[in-house]
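**Student:** Next up, structure_31.csv (CSV, C-alpha atoms).
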chain,number,residue,atom,x,y,z
A,5,MET,CA,0.0,0.0,0.0
A,6,SER,CA,1.3,3.4,-0.9
A,7,LEU,CA,2.0,6.0,1.8
A,8,GLU,CA,-0.8,8.2,0.5
A,9,ARG,CA,-3.4,5.5,1.1
A,10,THR,CA,-2.3,4.6,4.6
A,11,PRO,CA,-4.6,6.1,7.3
A,12,VAL,CA,-4.8,9.7,8.2
A,13,LEU,CA,-4.6,10.0,12.0
A,14,VAL,CA,-7.5,12.1,13.4
A,15,VAL,CA,-6.9,13.1,17.0
A,16,GLY,CA,-10.1,13.7,18.9
A,17,GLY,CA,-13.6,12.2,18.6
A,18,GLY,CA,-15.9,15.1,19.2
A,19,ILE,CA,-18.1,16.8,16.6
A,20,GLY,CA,-15.1,18.1,14.6
A,21,GLY,CA,-13.2,14.8,14.7
A,22,MET,CA,-16.1,12.7,13.7
A,23,ALA,CA,-16.9,15.1,10.8
A,24,CYS,CA,-13.3,15.1,9.7
A,25,ALA,CA,-13.1,11.3,9.7
A,26,LEU,CA,-16.3,10.9,7.8
A,27,ALA,CA,-15.4,13.6,5.3
A,28,LEU,CA,-12.0,12.0,4.5
A,29,ALA,CA,-13.5,8.5,4.3
A,30,ARG,CA,-16.1,9.7,1.8
A,31,GLN,CA,-13.2,10.8,-0.4
A,32,GLY,CA,-11.7,7.3,-0.2
A,33,GLN,CA,-9.1,8.1,2.4
A,34,PRO,CA,-8.6,5.5,5.3
A,35,VAL,CA,-8.8,7.1,8.7
A,36,ALA,CA,-7.8,6.1,12.2
A,37,LEU,CA,-9.6,8.2,14.8
A,38,LEU,CA,-7.9,8.4,18.2
A,39,GLU,CA,-10.2,9.5,21.1
A,40,ARG,CA,-8.9,9.8,24.7
A,41,SER,CA,-12.2,8.9,26.4
A,42,ALA,CA,-13.1,5.3,26.9
A,43,HIS,CA,-16.6,5.9,25.4
A,44,LEU,CA,-17.5,8.1,22.4
A,45,GLY,CA,-20.1,10.7,23.1
A,46,GLU,CA,-20.8,14.3,23.8
A,47,ILE,CA,-21.2,16.2,27.0
A,48,GLY,CA,-23.1,19.4,27.1
A,49,ALA,CA,-26.7,20.2,26.2
A,50,GLY,CA,-28.0,22.1,23.2
A,51,LEU,CA,-26.4,23.8,20.2
A,52,GLN,CA,-27.7,26.0,17.4
A,53,LEU,CA,-27.2,25.1,13.7
A,54,GLY,CA,-27.3,27.7,11.1
A,55,PRO,CA,-27.8,27.1,7.3
A,56,ASN,CA,-24.1,26.8,6.9
A,57,ALA,CA,-24.0,23.9,9.3
A,58,PHE,CA,-26.8,22.1,7.4
A,59,ALA,CA,-25.0,22.6,4.1
A,60,ALA,CA,-22.0,20.9,5.6
A,61,LEU,CA,-24.0,18.1,7.1
A,62,ASP,CA,-25.7,17.4,3.8
A,63,ALA,CA,-22.2,17.2,2.2
A,64,LEU,CA,-21.3,14.7,4.9
A,65,GLY,CA,-24.4,12.6,4.1
A,66,VAL,CA,-26.1,13.1,7.6
A,67,GLY,CA,-28.2,16.1,7.1
A,68,ASP,CA,-31.5,14.2,7.1
A,69,GLN,CA,-30.6,12.4,10.3
A,70,VAL,CA,-29.8,15.6,12.1
A,71,ARG,CA,-32.9,17.3,10.8
A,72,CYS,CA,-35.1,14.5,12.2
A,73,ALA,CA,-33.9,15.2,15.8
A,74,ALA,CA,-33.7,19.0,15.5
A,75,VAL,CA,-36.2,21.7,16.3
A,76,PHE,CA,-36.8,24.3,13.6
A,77,THR,CA,-37.1,27.7,15.1
A,78,GLU,CA,-39.3,30.6,14.0
A,79,ARG,CA,-37.0,33.5,14.9
A,80,LEU,CA,-33.9,34.6,16.8
A,81,VAL,CA,-34.7,37.0,19.7
A,82,MET,CA,-32.7,39.3,21.9
A,83,MET,CA,-34.4,40.7,25.0
A,84,ASP,CA,-33.1,43.3,27.4
A,85,ALA,CA,-32.8,41.4,30.7
A,86,VAL,CA,-33.1,44.6,32.8
A,87,ASP,CA,-36.4,45.9,31.5
A,88,CYS,CA,-37.8,43.0,29.4
A,89,ARG,CA,-38.0,45.0,26.2
A,90,GLU,CA,-37.4,43.3,22.9
A,91,VAL,CA,-34.1,44.5,21.4
A,92,ALA,CA,-34.1,42.5,18.1
A,93,SER,CA,-36.1,39.7,16.4
A,94,VAL,CA,-34.8,38.0,13.3
A,95,PRO,CA,-37.3,35.8,11.5
A,96,VAL,CA,-35.8,32.5,10.3
A,97,GLY,CA,-38.9,31.1,8.6
A,98,GLU,CA,-39.7,30.6,4.9
A,99,ALA,CA,-38.0,33.7,3.6
A,100,PHE,CA,-34.8,32.9,5.5
A,101,ARG,CA,-34.8,29.3,4.3
A,102,ALA,CA,-35.3,30.5,0.7
A,103,ARG,CA,-32.5,33.0,1.1
A,104,PHE,CA,-29.9,30.6,2.5
A,105,GLY,CA,-31.2,27.3,1.2
A,106,ASN,CA,-31.4,25.7,4.7
A,107,PRO,CA,-33.1,26.2,8.0
A,108,TYR,CA,-32.0,27.5,11.4
A,109,ALA,CA,-32.5,24.8,14.0
A,110,VAL,CA,-31.5,23.8,17.5
A,111,SER,CA,-30.4,20.3,18.5
A,112,HIS,CA,-29.0,18.4,21.4
A,113,ARG,CA,-25.3,18.0,21.1
A,114,ALA,CA,-25.6,14.3,21.6
A,115,ASP,CA,-28.0,14.0,18.7
A,116,LEU,CA,-25.6,15.8,16.3
A,117,HIS,CA,-22.6,13.8,17.5
A,118,GLY,CA,-24.6,10.6,17.4
A,119,ALA,CA,-25.5,11.1,13.7
A,120,LEU,CA,-21.8,11.7,12.8
A,121,HIS,CA,-20.6,8.9,15.0
A,122,ALA,CA,-23.0,6.4,13.5
A,123,ALA,CA,-22.0,7.3,9.9
A,124,ALA,CA,-18.3,7.2,10.7
A,125,ALA,CA,-18.5,3.9,12.6
A,126,ALA,CA,-20.4,2.4,9.7
A,127,HIS,CA,-17.9,3.5,7.0
A,128,PRO,CA,-15.4,0.7,6.1
A,129,LEU,CA,-12.5,3.2,5.9
A,130,VAL,CA,-12.9,4.5,9.4
A,131,ARG,CA,-11.4,2.8,12.5
A,132,LEU,CA,-12.3,4.2,15.9
A,133,HIS,CA,-9.8,3.8,18.7
A,134,THR,CA,-11.0,4.8,22.2
A,135,GLY,CA,-9.0,5.2,25.4
A,136,VAL,CA,-6.1,6.7,23.5
A,137,ARG,CA,-4.7,9.8,25.3
A,138,ILE,CA,-2.1,11.2,23.0
A,139,ALA,CA,1.1,12.3,24.7
A,140,ALA,CA,3.3,13.1,21.8
A,141,VAL,CA,3.2,13.5,18.0
A,142,GLU,CA,5.9,13.5,15.4
A,143,VAL,CA,5.6,15.0,11.9
A,144,GLY,CA,8.1,13.9,9.3
A,145,ALA,CA,8.6,14.6,5.6
A,146,HIS,CA,7.1,11.2,4.7
A,147,GLY,CA,4.7,10.3,7.5
A,148,VAL,CA,3.5,11.0,11.0
A,149,SER,CA,3.1,9.2,14.3
A,150,ALA,CA,1.2,9.7,17.5
A,151,THR,CA,2.3,8.1,20.8
A,152,ALA,CA,-0.3,7.4,23.5
A,153,ALA,CA,0.3,7.7,27.2
A,154,ASP,CA,0.3,4.0,27.5
A,155,GLY,CA,3.0,3.6,24.9
A,156,ARG,CA,0.9,2.6,21.9
A,157,ARG,CA,2.1,4.2,18.7
A,158,PHE,CA,0.0,5.0,15.6
A,159,HIS,CA,1.5,5.7,12.2
A,160,GLY,CA,-0.2,7.5,9.3
A,161,ALA,CA,0.2,9.5,6.2
A,162,ALA,CA,-1.0,12.7,7.8
A,163,LEU,CA,-2.3,14.1,11.1
A,164,VAL,CA,-5.4,16.2,11.9
A,165,GLY,CA,-5.7,17.7,15.4
A,166,CYS,CA,-9.3,17.9,16.3
A,167,ASP,CA,-8.5,17.8,20.0
A,168,GLY,CA,-10.1,21.0,21.2
A,169,VAL,CA,-8.9,24.1,23.1
A,170,LYS,CA,-6.0,22.3,24.9
A,171,SER,CA,-4.9,20.5,21.7
A,172,VAL,CA,-1.8,18.3,22.0
A,173,VAL,CA,-1.3,18.7,18.2
A,174,ARG,CA,-1.5,22.4,18.3
A,175,GLU,CA,1.1,22.5,21.1
A,176,LYS,CA,3.4,20.6,18.7
A,177,LEU,CA,2.7,22.9,15.7
A,178,LEU,CA,2.4,26.3,17.4
A,179,GLY,CA,3.1,26.1,21.1
A,180,ASP,CA,0.9,29.0,22.0
A,181,ALA,CA,-1.4,29.3,25.0
A,182,PRO,CA,-5.2,29.7,25.0
A,183,ARG,CA,-6.7,33.0,26.1
A,184,VAL,CA,-8.9,32.3,29.2
A,185,SER,CA,-11.8,34.7,28.7
A,186,GLY,CA,-13.0,35.1,32.3
A,187,HIS,CA,-16.5,34.4,31.0
A,188,VAL,CA,-18.1,31.4,32.7
A,189,VAL,CA,-20.9,29.4,31.1
A,190,TYR,CA,-23.4,27.3,32.9
A,191,ARG,CA,-25.5,24.8,30.9
A,192,ALA,CA,-28.5,22.7,31.9
A,193,VAL,CA,-31.5,20.9,30.3
A,194,VAL,CA,-34.9,21.2,32.0
A,195,PRO,CA,-38.2,19.4,31.1
A,196,VAL,CA,-40.8,21.5,29.3
A,197,ALA,CA,-43.1,21.1,32.3
A,198,ASP,CA,-40.6,23.1,34.4
A,199,MET,CA,-40.5,26.0,31.9
A,200,PRO,CA,-42.7,29.0,32.6
A,201,ASP,CA,-45.5,29.2,30.2
A,202,ASP,CA,-44.6,32.6,28.9
A,203,LEU,CA,-41.0,31.5,28.1
A,204,ARG,CA,-41.9,28.4,26.0
A,205,MET,CA,-40.9,30.1,22.8
A,206,ASN,CA,-39.9,28.3,19.6
A,207,ALA,CA,-36.8,30.4,19.3
A,208,PRO,CA,-33.3,30.8,20.8
A,209,VAL,CA,-34.0,33.7,23.1
A,210,VAL,CA,-31.1,35.8,24.5
A,211,TRP,CA,-31.8,37.8,27.7
A,212,ALA,CA,-28.9,40.4,27.5
A,213,GLY,CA,-27.9,41.8,30.8
A,214,PRO,CA,-25.0,43.8,32.3
A,215,ASP,CA,-21.9,41.5,32.2
A,216,CYS,CA,-24.2,38.5,31.9
A,217,HIS,CA,-26.9,36.9,29.8
A,218,LEU,CA,-29.3,33.9,29.7
A,219,VAL,CA,-30.3,31.8,26.7
A,220,HIS,CA,-33.1,29.3,26.3
A,221,TYR,CA,-34.6,27.3,23.4
A,222,PRO,CA,-36.5,24.0,22.9
A,223,LEU,CA,-34.9,20.6,22.3
A,224,ARG,CA,-36.1,17.2,21.2
A,225,GLY,CA,-39.5,18.1,19.9
A,226,GLY,CA,-40.1,20.6,22.6
A,227,GLU,CA,-39.9,18.0,25.4
A,228,GLN,CA,-37.0,19.8,26.9
A,229,TYR,CA,-35.5,23.3,27.1
A,230,ASN,CA,-31.8,24.1,26.9
A,231,LEU,CA,-30.8,26.7,29.4
A,232,VAL,CA,-27.4,28.6,29.2
A,233,VAL,CA,-26.3,31.4,31.5
A,234,THR,CA,-23.0,33.3,31.1
A,235,PHE,CA,-21.4,35.9,33.4
A,236,HIS,CA,-18.1,37.7,33.8
A,237,SER,CA,-16.4,35.8,36.7
A,238,ARG,CA,-15.1,37.7,39.8
A,239,GLU,CA,-12.5,35.0,40.2
A,240,ARG,CA,-9.3,34.3,38.3
A,241,GLU,CA,-10.4,31.5,36.0
A,242,GLU,CA,-8.7,28.5,34.4
A,243,TRP,CA,-10.1,26.7,31.4
A,244,GLY,CA,-12.1,23.7,32.3
A,245,VAL,CA,-15.4,22.0,33.0
A,246,THR,CA,-16.8,21.2,36.5
A,247,ASP,CA,-20.0,20.7,38.3
A,248,GLY,CA,-21.8,24.0,38.9
A,249,SER,CA,-23.3,25.8,41.9
A,250,LYS,CA,-26.8,27.4,41.8
A,251,GLU,CA,-25.6,29.8,44.5
A,252,GLU,CA,-22.8,31.0,42.2
A,253,VAL,CA,-25.2,31.5,39.3
A,254,LEU,CA,-27.8,33.4,41.5
A,255,SER,CA,-25.1,35.7,42.8
A,256,TYR,CA,-24.3,37.1,39.3
A,257,PHE,CA,-27.9,37.8,38.2
A,258,GLN,CA,-29.2,40.0,41.0
A,259,GLY,CA,-29.8,43.0,38.7
A,260,VAL,CA,-31.9,41.2,36.0
A,261,HIS,CA,-35.7,41.3,35.7
A,262,PRO,CA,-37.7,38.6,37.6
A,263,ARG,CA,-39.1,37.2,34.4
A,264,PRO,CA,-35.8,35.8,33.0
A,265,ARG,CA,-34.3,35.4,36.5
A,266,GLN,CA,-36.9,32.8,37.4
A,267,LEU,CA,-35.2,30.4,35.0
A,268,LEU,CA,-32.2,30.1,37.4
A,269,ASP,CA,-34.3,28.1,39.9
A,270,ARG,CA,-35.4,25.5,37.3
A,271,PRO,CA,-32.4,23.2,36.8
A,272,THR,CA,-31.7,20.5,39.3
A,273,SER,CA,-28.0,20.4,38.3
A,274,TRP,CA,-25.6,22.5,36.3
A,275,ARG,CA,-22.4,22.0,34.4
A,276,ARG,CA,-19.9,24.9,34.6
A,277,TRP,CA,-17.5,25.8,31.7
A,278,SER,CA,-14.7,28.4,32.2
A,279,THR,CA,-14.3,29.4,28.6
A,280,ALA,CA,-11.3,30.3,26.4
A,281,ASP,CA,-10.5,31.2,22.9
A,282,ARG,CA,-7.4,32.2,21.0
A,283,ASP,CA,-6.3,35.1,19.0
A,284,PRO,CA,-6.5,34.3,15.2
A,285,VAL,CA,-3.3,33.0,13.7
A,286,GLU,CA,-2.0,33.2,10.1
A,287,ARG,CA,-1.2,29.4,9.9
A,288,TRP,CA,-2.2,26.2,11.6
A,289,SER,CA,-0.6,23.6,9.3
A,290,GLU,CA,2.9,22.3,9.1
A,291,GLY,CA,3.8,19.7,6.4
A,292,ARG,CA,1.6,16.7,7.0
A,293,ALA,CA,-0.2,18.0,10.0
A,294,THR,CA,-3.0,20.5,10.4
A,295,LEU,CA,-5.7,21.5,12.9
A,296,LEU,CA,-9.5,21.6,12.8
A,297,GLY,CA,-12.3,23.1,14.8
A,298,ASP,CA,-11.5,24.3,18.3
A,299,ALA,CA,-7.9,23.2,18.0
A,300,ALA,CA,-7.5,25.6,15.1
A,301,HIS,CA,-9.8,28.5,16.1
A,302,PRO,CA,-11.5,28.1,19.4
A,303,MET,CA,-14.2,30.7,20.0
A,304,MET,CA,-16.7,31.7,22.6
A,305,GLN,CA,-20.4,31.0,22.2
A,306,TYR,CA,-21.9,34.3,21.3
A,307,LEU,CA,-22.6,33.6,17.6
A,308,ALA,CA,-23.4,29.9,18.2
A,309,GLN,CA,-20.8,28.9,15.5
A,310,GLY,CA,-18.3,26.6,17.2
A,311,ALA,CA,-19.8,23.4,15.9
A,312,CYS,CA,-20.8,25.0,12.6
A,313,MET,CA,-17.2,26.1,11.9
A,314,ALA,CA,-15.9,22.6,12.7
A,315,LEU,CA,-18.3,21.1,10.2
A,316,GLU,CA,-17.3,23.6,7.6
A,317,ASP,CA,-13.6,22.8,8.3
A,318,ALA,CA,-14.2,19.1,7.8
A,319,VAL,CA,-15.9,19.5,4.4
A,320,THR,CA,-13.3,22.0,3.2
A,321,LEU,CA,-10.4,19.8,4.4
A,322,ALA,CA,-11.7,16.8,2.4
A,323,ALA,CA,-12.3,19.0,-0.6
A,324,ALA,CA,-8.7,20.2,-0.5
A,325,VAL,CA,-7.4,16.7,-0.1
A,326,GLN,CA,-9.3,15.7,-3.2
A,327,ALA,CA,-8.3,18.9,-5.1
A,328,ARG,CA,-4.6,18.2,-4.4
A,329,ASP,CA,-4.9,14.4,-5.2
A,330,PHE,CA,-4.0,13.3,-1.7
A,331,ASP,CA,-0.8,15.3,-1.6
A,332,PHE,CA,-1.3,16.1,2.1
A,333,PRO,CA,1.2,19.0,2.6
A,334,ALA,CA,-0.3,20.7,-0.5
A,335,ALA,CA,-3.8,19.9,0.6
A,336,PHE,CA,-3.3,21.3,4.1
A,337,ARG,CA,-1.9,24.5,2.7
A,338,LEU,CA,-4.9,24.9,0.5
A,339,TYR,CA,-7.3,24.1,3.3
A,340,GLN,CA,-5.6,26.6,5.6
A,341,SER,CA,-5.7,29.3,3.0
A,342,ALA,CA,-9.4,28.7,2.5
A,343,ARG,CA,-10.3,28.8,6.2
A,344,ILE,CA,-7.9,31.3,7.9
A,345,ALA,CA,-9.7,34.6,7.1
A,346,ARG,CA,-13.2,33.2,7.5
A,347,ALA,CA,-12.5,31.6,10.9
A,348,ALA,CA,-10.7,34.7,12.1
A,349,ARG,CA,-13.7,36.8,11.1
A,350,VAL,CA,-16.0,34.6,13.1
A,351,VAL,CA,-13.7,34.5,16.2
A,352,LEU,CA,-13.4,38.3,16.3
A,353,SER,CA,-17.1,38.8,15.5
A,354,VAL,CA,-18.0,36.5,18.4
A,355,ARG,CA,-16.0,38.7,20.7
A,356,GLU,CA,-17.9,41.8,19.5
A,357,MET,CA,-21.2,40.1,19.9
A,358,GLY,CA,-20.3,39.2,23.5
A,359,ARG,CA,-19.7,42.9,24.1
A,360,LEU,CA,-23.2,43.6,22.8
A,361,TYR,CA,-24.8,40.9,24.9
A,362,HIS,CA,-23.2,42.2,28.1
A,363,ALA,CA,-23.4,45.9,27.5
A,364,LYS,CA,-24.2,48.1,30.4
A,365,GLY,CA,-24.7,51.9,31.0
A,366,VAL,CA,-24.6,54.0,27.9
A,367,GLU,CA,-23.4,51.0,25.8
A,368,ARG,CA,-26.6,49.2,26.7
A,369,LEU,CA,-28.6,52.1,25.5
A,370,VAL,CA,-26.7,52.2,22.2
A,371,ARG,CA,-27.2,48.5,21.7
A,372,ASN,CA,-30.9,48.8,22.3
A,373,SER,CA,-31.1,51.6,19.7
A,374,LEU,CA,-29.4,49.6,16.9
A,375,TRP,CA,-32.3,47.5,15.4
A,376,PRO,CA,-35.8,49.0,16.0
A,377,ASP,CA,-37.9,48.6,12.9
A,378,ARG,CA,-35.2,46.6,11.1
A,379,SER,CA,-36.7,44.7,8.2
A,380,PRO,CA,-36.1,41.0,7.9
A,381,THR,CA,-34.3,41.5,4.6
A,382,ARG,CA,-31.8,43.9,6.2
A,383,PHE,CA,-31.2,41.4,9.0
A,384,HIS,CA,-30.7,38.6,6.4
A,385,ASP,CA,-28.4,40.8,4.3
A,386,ALA,CA,-26.2,41.4,7.4
A,387,LEU,CA,-26.0,37.6,8.0
A,388,GLU,CA,-25.1,36.8,4.3
A,389,TRP,CA,-21.4,36.5,5.0
A,390,LEU,CA,-22.0,33.9,7.7
A,391,TYR,CA,-24.8,31.8,6.5
A,392,ALA,CA,-24.3,31.7,2.7
A,393,TRP,CA,-21.3,29.3,2.9
A,394,ARG,CA,-21.6,26.4,0.5
A,395,PRO,CA,-19.5,23.2,0.1
A,396,ASP,CA,-19.4,23.7,-3.7
A,397,ASN,CA,-17.3,26.8,-3.3
A,398,CYS,CA,-15.6,26.1,0.0
A,399,LEU,CA,-12.1,26.5,-1.5
A,400,ALA,CA,-13.0,29.9,-3.2
A,401,ASP,CA,-11.5,31.9,-0.3
A,402,ALA,CA,-8.1,30.2,-0.6
A,403,ALA,CA,-6.5,33.3,-2.2
A,404,VAL,CA,-7.7,35.5,0.7
A,405,GLY,CA,-5.7,33.3,3.1
A,406,ARG,CA,-2.4,33.9,1.4
A,407,GLY,CA,-0.9,36.8,3.2
A,408,GLY,CA,-4.2,38.7,3.4
A,409,GLU,CA,-4.9,40.7,6.6
A,410,ILE,CA,-7.1,39.1,9.2
A,411,PRO,CA,-10.2,41.3,9.4
A,412,SER,CA,-11.0,43.4,12.4
A,413,PRO,CA,-14.8,43.4,12.7
A,414,THR,CA,-16.9,46.0,14.3
A,415,THR,CA,-20.5,45.8,15.4
A,416,ALA,CA,-21.4,46.8,11.9
A,417,THR,CA,-20.0,43.6,10.4
A,418,ILE,CA,-22.2,41.5,12.6
A,419,LEU,CA,-25.9,42.6,12.5
A,420,ASN,CA,-25.7,46.3,11.6
A,421,ASP,CA,-25.0,46.2,7.8
Re-express the file's structure as structure tokens.
**Tutor:**
Amino acid sequence: MSLERTPVLVVGGGIGGMACALALARQGQPVALLERSAHLGEIGAGLQLGPNAFAALDALGVGDQVRCAAVFTERLVMMDAVDCREVASVPVGEAFRARFGNPYAVSHRADLHGALHAAAAAHPLVRLHTGVRIAAVEVGAHGVSATAADGRRFHGAALVGCDGVKSVVREKLLGDAPRVSGHVVYRAVVPVADMPDDLRMNAPVVWAGPDCHLVHYPLRGGEQYNLVVTFHSREREEWGVTDGSKEEVLSYFQGVHPRPRQLLDRPTSWRRWSTADRDPVERWSEGRATLLGDAAHPMMQYLAQGACMALEDAVTLAAAVQARDFDFPAAFRLYQSARIARAARVVLSVREMGRLYHAKGVERLVRNSLWPDRSPTRFHDALEWLYAWRPDNCLADAAVGRGGEIPSPTTATILND
């Protein structure tokens, strides 16, 4: 067997890793996926899927499966958590679907991951290895290897790091540190019976407050609601996931209106994420190794694009491999060129959206004045850059990535075009 048809090593079995393995296998490339956990699965609760995510999922052959488990929302809503006024409402119904070719939906993370996992596990070119905690990687001119903590070694033609914010592969390629944001996210799922009647909306609803916000939306046919709260921590944070404390959550939401605040009493348990991202970089590939998803461009949650970007990455990477006829160094350069500027724009736009969510004082008043009487068409125009991505032109931005400046977005680039 030639080197080019030996497996590609995919490190990490989350949404990005599963999508990467499936995308490469569908191009005829054998894959060995290496996951540190003993059991494959997703922690967390809900996530939001824009039209760009569904375009990628269709290219991966799992769009219909994800749609079956998703809830299709009617609009995207921002409310002022202090006075309960509506700040913005973006319809995502028929006109939105016609504009972008796909819906806006919400899904349980486990349902999305499960669809990708099932497809990857069923593909004859994918081998899944669990309980593999990678301790070291080597990237050579003619091949790569990954060494597990227990001494096992895996060899391949190329290496894709899909191993998240604290990526071992990124440490090898770039050696930079993540930027701990100081923003803490609590997530929980509550039964629909525990949701207040007036908050059972078929929409992702953001209650934007000073240095904090709440989000809720339905899951699994409306039988559950996803609840997410975010605040600026008073403590010095380190990236990680732990069990949460209701008392801590309540202490950060004293200044919000009783209508959204009542949600904080509904969960019986919380999971706590201390979040991190990274400043955009101009490269994340080296020879036969590259990065994907959070390993390449970790971002905070304010545009609900983390999983969407990983899905786009996977489809683009596989297209680049095919375009360069399985010449992996050349393919990874092409993939990187196609993704650097777009991913950077999303990372930086996410930070700006977080500033809008958490505005206080005069900034809050400015935010609340941005979108009154905004037409659906103008909202959709402003979102064109994000949601109009398509697999059939996913390599079109490659020229932008060659030495082009990373964009520095302002509020106007997000929803104020």
**Student:** Find the residues around Tyr190 (chain A) up to 12 Å (only C-alpha atoms counted), leave out those fewer than 6 positions away in its own chain, and share them as a PDB file with C-alpha atoms, in the coordinates of the input.
**Tutor:**
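As written to disk, around.pdb reads:
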ATOM      1  CA  GLY A  48     -23.100  19.400  27.100  1.00  0.00           C
ATOM      2  CA  ALA A  49     -26.700  20.200  26.200  1.00  0.00           C
ATOM      3  CA  GLY A  50     -28.000  22.100  23.200  1.00  0.00           C
ATOM      4  CA  CYS A 216     -24.200  38.500  31.900  1.00  0.00           C
ATOM      5  CA  HIS A 217     -26.900  36.900  29.800  1.00  0.00           C
ATOM      6  CA  LEU A 218     -29.300  33.900  29.700  1.00  0.00           C
ATOM      7  CA  VAL A 219     -30.300  31.800  26.700  1.00  0.00           C
ATOM      8  CA  HIS A 220     -33.100  29.300  26.300  1.00  0.00           C
ATOM      9  CA  ASN A 230     -31.800  24.100  26.900  1.00  0.00           C
ATOM     10  CA  LEU A 231     -30.800  26.700  29.400  1.00  0.00           C
ATOM     11  CA  VAL A 232     -27.400  28.600  29.200  1.00  0.00           C
ATOM     12  CA  VAL A 233     -26.300  31.400  31.500  1.00  0.00           C
ATOM     13  CA  THR A 234     -23.000  33.300  31.100  1.00  0.00           C
ATOM     14  CA  PHE A 235     -21.400  35.900  33.400  1.00  0.00           C
ATOM     15  CA  HIS A 236     -18.100  37.700  33.800  1.00  0.00           C
ATOM     16  CA  SER A 237     -16.400  35.800  36.700  1.00  0.00           C
ATOM     17  CA  GLY A 244     -12.100  23.700  32.300  1.00  0.00           C
ATOM     18  CA  VAL A 245     -15.400  22.000  33.000  1.00  0.00           C
ATOM     19  CA  THR A 246     -16.800  21.200  36.500  1.00  0.00           C
ATOM     20  CA  ASP A 247     -20.000  20.700  38.300  1.00  0.00           C
ATOM     21  CA  GLY A 248     -21.800  24.000  38.900  1.00  0.00           C
ATOM     22  CA  SER A 249     -23.300  25.800  41.900  1.00  0.00           C
ATOM     23  CA  LYS A 250     -26.800  27.400  41.800  1.00  0.00           C
ATOM     24  CA  GLU A 252     -22.800  31.000  42.200  1.00  0.00           C
ATOM     25  CA  VAL A 253     -25.200  31.500  39.300  1.00  0.00           C
ATOM     26  CA  LEU A 254     -27.800  33.400  41.500  1.00  0.00           C
ATOM     27  CA  TYR A 256     -24.300  37.100  39.300  1.00  0.00           C
ATOM     28  CA  LEU A 268     -32.200  30.100  37.400  1.00  0.00           C
ATOM     29  CA  PRO A 271     -32.400  23.200  36.800  1.00  0.00           C
ATOM     30  CA  SER A 273     -28.000  20.400  38.300  1.00  0.00           C
ATOM     31  CA  TRP A 274     -25.600  22.500  36.300  1.00  0.00           C
ATOM     32  CA  ARG A 275     -22.400  22.000  34.400  1.00  0.00           C
ATOM     33  CA  ARG A 276     -19.900  24.900  34.600  1.00  0.00           C
ATOM     34  CA  TRP A 277     -17.500  25.800  31.700  1.00  0.00           C
ATOM     35  CA  SER A 278     -14.700  28.400  32.200  1.00  0.00           C
ATOM     36  CA  THR A 279     -14.300  29.400  28.600  1.00  0.00           C
ATOM     37  CA  GLN A 305     -20.400  31.000  22.200  1.00  0.00           C
TER      38      GLN A 305
END
**Student:** Just the residues within 12 Å of Tyr221 (chain A), please, counting only C-alpha atoms, with nothing from its chain fewer than 4 positions along; format it as an NGL selection string.
**Tutor:** :A and (49-52 or 74-81 or 109-112 or 192-196 or 199 or 203-211 or 225-232)
**Student:** A:Leu296, A:Ala124, A:Glu242, A:Ala73: which is nearest Arg30 (chain A), counting all atoms listed in the file?
**Tutor:**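 Once distances to Arg30 (chain A) are computed over all atoms listed in the file, the minimum belongs to A:Ala124.
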**Student:** Between A:Ser185, A:Thr134, A:Asn56, A:Gln31, which has the minimum distance to Gly358 (chain A) (counting all atoms listed in the file)?
**Tutor:**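 So, comparing all the options, the nearest one is A:Ser185.
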**Student:** Give the answer as one residue: which of A:Gly186, A:Gly160, A:Gly155, A:Gly20 has the shortest atom-to-atom distance to Ala60 (chain A), using all atoms listed in the file?
**Tutor:** A:Gly20
**Student:** Would you mind telling me which residue in A:Asp87, A:Glu356, A:Asp401, A:Asp329 lies nearest to Tyr306 (chain A) when using all atoms listed in the file?
**Tutor:**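 Looking only at the distances to Tyr306 (chain A), the closest residue turns out to be A:Glu356.
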**Student:** Residues near region 375-391 of chain A, anyone? I mean within 12 Å using only C-alpha atoms, not counting same-chain ones fewer than 3 positions away, as a PyMOL selection string.
**Tutor:** chain A and resi 53-60+79-83+89-108+307-309+312-313+316+346-347+349-351+353-354+369-372+394-395+415-421
**Student:** Mind pulling up the distance from CA of Val169 (chain A) to CA of His121 (chain A)?
**Tutor:** 20.8 Å
**Student:** As an exercise, work out the distance from CA of Val70 (chain A) to CA of Asp115 (chain A) in Å and give it to one decimal place.
**Tutor:**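 CA of Val70 (chain A) sits 7.0 Å away from CA of Asp115 (chain A).
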**Student:** My list of candidates is A:Gly135, A:Pro128, A:Gly118, A:Pro302. Which is closest to Leu28 (chain A) when distances are computed with all atoms listed in the file?
**Tutor:**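 Comparing A:Gly135, A:Pro128, A:Gly118, A:Pro302 against Leu28 (chain A), the winner is A:Pro128.
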